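Enquirer: The structure's right below; bear with me while I get my questions together.
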Amino acid sequence: MGLPPHLITGLRGEQLAARYLRKAGYQIIDANFSTKLGETDIIARTKNGLLCFIEVKTRSPGHMFPPSDAVDHSKRENLKANAIAYLRANKVNDKEIRFDIMEVILYDLDTADFNHIKDAF
C-alpha cells in the first residue's frame, strides 16, 4: 500500500526545497528532526554559518491561500520548542538562529516554484 497523495506531495516538496537551498549555498545539516511536539523539516546553515530551522509547506497550484498560512501560532511554538530540543540534543551553542518558511508550489514531481520566507517568525 502506497503513501496517500498529500504525503507524497509533502515529501517531494521537502526534497525539492532541500535542492533549492543547496543551490543557494545552504548546507543541509538535518532533515525531519522529530520530537513529541512535531517535526522540523530542514535544518541548514547559511553561507555565513547561521543555523536555520526551515518549515516546508507544499501545495499544488490554485490554492486560495499561500502555503505559509498553515504555519499558525501553535505550529510556530512547536517549531521553536523543537529547535530548542535539537540544540540541546546536539550540543549546539549557536547564540543566533533563524526560523524560515519555504513555500513550494508543486506543478508535477519535477517542477515547482519556491518562496523562501527568511526570518518568518
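Simple scheme: letters A, B, ... for chains in C-alpha cells order, numbers from 1 for residues in each chain, numbers from 1 for ligands in the order shown.
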Residues at most 12 Å from Leu21 in chain A, counting only C-alpha atoms, excluding those fewer than 2 positions away in the same chain, as a list in words?
Expert: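 So, after excluding close chain neighbours, the residues are Glu14, Gln15, Leu16, Ala17, Ala18, Arg19, Lys23, Ala24, Gly25, Tyr26, Gln27, Ile28, Ile29, Ile42, Ile43, Ala44, Arg45, Thr46, Lys47, Cys52, Ile54, Val56, Asp100, Ile101, Met102, Phe114, Asn115, His116 and Lys118 of chain A.
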Enquirer: Can you write out the residues you just picked, keeping C-alpha atoms, as a PDB file, in the first residue's frame?
Expert:
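In the end it all went to again_0.pdb:
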```
ATOM      1  CA  GLU A  14      10.816  18.835   1.006  1.00  0.00           C
ATOM      2  CA  GLN A  15      13.218  17.148  -1.435  1.00  0.00           C
ATOM      3  CA  LEU A  16      12.933  19.985  -3.948  1.00  0.00           C
ATOM      4  CA  ALA A  17      13.244  22.607  -1.185  1.00  0.00           C
ATOM      5  CA  ALA A  18      16.471  20.967   0.032  1.00  0.00           C
ATOM      6  CA  ARG A  19      17.835  21.022  -3.529  1.00  0.00           C
ATOM      7  CA  LYS A  23      21.918  25.600  -4.840  1.00  0.00           C
ATOM      8  CA  ALA A  24      21.505  28.821  -2.821  1.00  0.00           C
ATOM      9  CA  GLY A  25      24.588  27.903  -0.765  1.00  0.00           C
ATOM     10  CA  TYR A  26      22.966  26.350   2.299  1.00  0.00           C
ATOM     11  CA  GLN A  27      24.427  23.281   3.949  1.00  0.00           C
ATOM     12  CA  ILE A  28      21.705  20.827   4.969  1.00  0.00           C
ATOM     13  CA  ILE A  29      22.542  19.668   8.494  1.00  0.00           C
ATOM     14  CA  ILE A  42      15.008  21.043   7.297  1.00  0.00           C
ATOM     15  CA  ILE A  43      17.838  22.301   9.481  1.00  0.00           C
ATOM     16  CA  ALA A  44      20.517  24.113   7.490  1.00  0.00           C
ATOM     17  CA  ARG A  45      23.364  26.577   7.713  1.00  0.00           C
ATOM     18  CA  THR A  46      23.633  29.640   5.506  1.00  0.00           C
ATOM     19  CA  LYS A  47      26.857  30.573   3.705  1.00  0.00           C
ATOM     20  CA  CYS A  52      18.139  27.940  10.171  1.00  0.00           C
ATOM     21  CA  ILE A  54      13.007  25.619   7.954  1.00  0.00           C
ATOM     22  CA  VAL A  56       8.412  23.452   4.221  1.00  0.00           C
ATOM     23  CA  ASP A 100      12.233  30.251   7.826  1.00  0.00           C
ATOM     24  CA  ILE A 101       9.261  29.030   5.847  1.00  0.00           C
ATOM     25  CA  MET A 102       9.768  27.577   2.393  1.00  0.00           C
ATOM     26  CA  PHE A 114       9.615  28.465  -4.389  1.00  0.00           C
ATOM     27  CA  ASN A 115       9.094  31.336  -1.999  1.00  0.00           C
ATOM     28  CA  HIS A 116      11.740  31.344   0.734  1.00  0.00           C
ATOM     29  CA  LYS A 118      13.557  34.186   5.705  1.00  0.00           C
TER      30      LYS A 118
END
```
Enquirer: Give me, as a PyMOL selection string, all polymer residues having an atom no more than 10 Å from Val92 in chain A, counting only C-alpha atoms and skipping those fewer than 6 positions away in the same chain.
Expert: chain A and resi 51+84+86
Enquirer: Please produce a file of the residues just selected, as a compact mmCIF listing (two decimals), in the first residue's frame, where the atoms kept are C-alpha atoms.
Expert:
```
# COMPACT_ATOMS: atom_id res chain seq x y z
CA LEU A 51 21.63 28.00 11.72
CA ILE A 84 15.47 24.04 21.47
CA TYR A 86 17.59 19.97 18.62
```
Enquirer: Just the residues within 10 Å of Ala112 in chain A, please, counting only C-alpha atoms, with nothing from its chain fewer than 3 positions along; format it as a PyMOL selection string.
Expert: chain A and resi 12-13+16-17+58-61+103-109
Enquirer: Would you please give, as JSON, numbers by chain, all residues of range 22-107 of chain A that DSSP assigns to strand (DSSP E or B) based on the backbone?
Expert: {"A": [27, 28, 29, 30, 31, 32, 33, 34, 35, 38, 39, 40, 41, 42, 43, 44, 45, 51, 52, 53, 54, 55, 56, 57, 58, 59, 97, 98, 99, 100, 101, 102, 103, 104, 105, 106, 107]}
Enquirer: Take the residues from that selection and put them in a file with C-alpha atoms, as a JSON list (two decimals), in the first residue's frame.
Expert:
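Output below, filename selection.json:
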```json
[["chain", "number", "residue", "atom", "x", "y", "z"],
["A", 27, "GLN", "CA", 24.43, 23.28, 3.95],
["A", 28, "ILE", "CA", 21.70, 20.83, 4.97],
["A", 29, "ILE", "CA", 22.54, 19.67, 8.49],
["A", 30, "ASP", "CA", 19.48, 17.53, 9.26],
["A", 31, "ALA", "CA", 16.02, 16.77, 7.95],
["A", 32, "ASN", "CA", 12.79, 15.58, 9.53],
["A", 33, "PHE", "CA", 14.02, 16.09, 13.10],
["A", 34, "SER", "CA", 11.18, 14.81, 15.30],
["A", 35, "THR", "CA", 10.15, 15.20, 18.91],
["A", 38, "GLY", "CA", 6.29, 17.50, 15.89],
["A", 39, "GLU", "CA", 8.88, 17.65, 13.15],
["A", 40, "THR", "CA", 11.28, 20.22, 11.76],
["A", 41, "ASP", "CA", 11.53, 19.66, 8.01],
["A", 42, "ILE", "CA", 15.01, 21.04, 7.30],
["A", 43, "ILE", "CA", 17.84, 22.30, 9.48],
["A", 44, "ALA", "CA", 20.52, 24.11, 7.49],
["A", 45, "ARG", "CA", 23.36, 26.58, 7.71],
["A", 51, "LEU", "CA", 21.63, 28.00, 11.72],
["A", 52, "CYS", "CA", 18.14, 27.94, 10.17],
["A", 53, "PHE", "CA", 15.12, 25.84, 11.08],
["A", 54, "ILE", "CA", 13.01, 25.62, 7.95],
["A", 55, "GLU", "CA", 9.37, 24.60, 7.71],
["A", 56, "VAL", "CA", 8.41, 23.45, 4.22],
["A", 57, "LYS", "CA", 4.81, 23.82, 3.10],
["A", 58, "THR", "CA", 3.90, 22.36, -0.27],
["A", 59, "ARG", "CA", 0.72, 22.91, -2.22],
["A", 97, "ILE", "CA", 19.20, 31.06, 14.94],
["A", 98, "ARG", "CA", 16.54, 31.79, 12.34],
["A", 99, "PHE", "CA", 13.14, 30.34, 11.50],
["A", 100, "ASP", "CA", 12.23, 30.25, 7.83],
["A", 101, "ILE", "CA", 9.26, 29.03, 5.85],
["A", 102, "MET", "CA", 9.77, 27.58, 2.39],
["A", 103, "GLU", "CA", 6.62, 27.69, 0.28],
["A", 104, "VAL", "CA", 6.63, 25.18, -2.55],
["A", 105, "ILE", "CA", 4.05, 25.21, -5.34],
["A", 106, "LEU", "CA", 4.38, 21.79, -6.93],
["A", 107, "TYR", "CA", 3.26, 21.54, -10.55]]
```
Enquirer: Considering only C-alpha atoms, can you say which of A:Thr9, A:Leu3, A:Ala120, A:Asn48 comes closest to Val71 in chain A?
Expert: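 For Val71 in chain A, the nearest of the candidates is A:Ala120.
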Enquirer: Record the distance separating CA of Gly49 in chain A and CA of Lys95 in chain A, expressed in Å with one decimal.
Expert: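 Separation of CA of Gly49 in chain A and CA of Lys95 in chain A: 11.6 Å.
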Enquirer: Could you check how far CA of Tyr20 in chain A sits from CA of His6 in chain A, in Å to one decimal?
Expert: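 Between these atoms lies a distance of 20.8 Å.
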Enquirer: Between A:Pro5, A:Phe121, A:Leu50, A:Asp113, which is the closest to Pro67 in chain A once you count only C-alpha atoms?
Expert: A:Asp113
Enquirer: Distance CA of Asn82 in chain A-CA of Pro4 in chain A, one decimal place?
Expert: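 The value is 25.6 Å.
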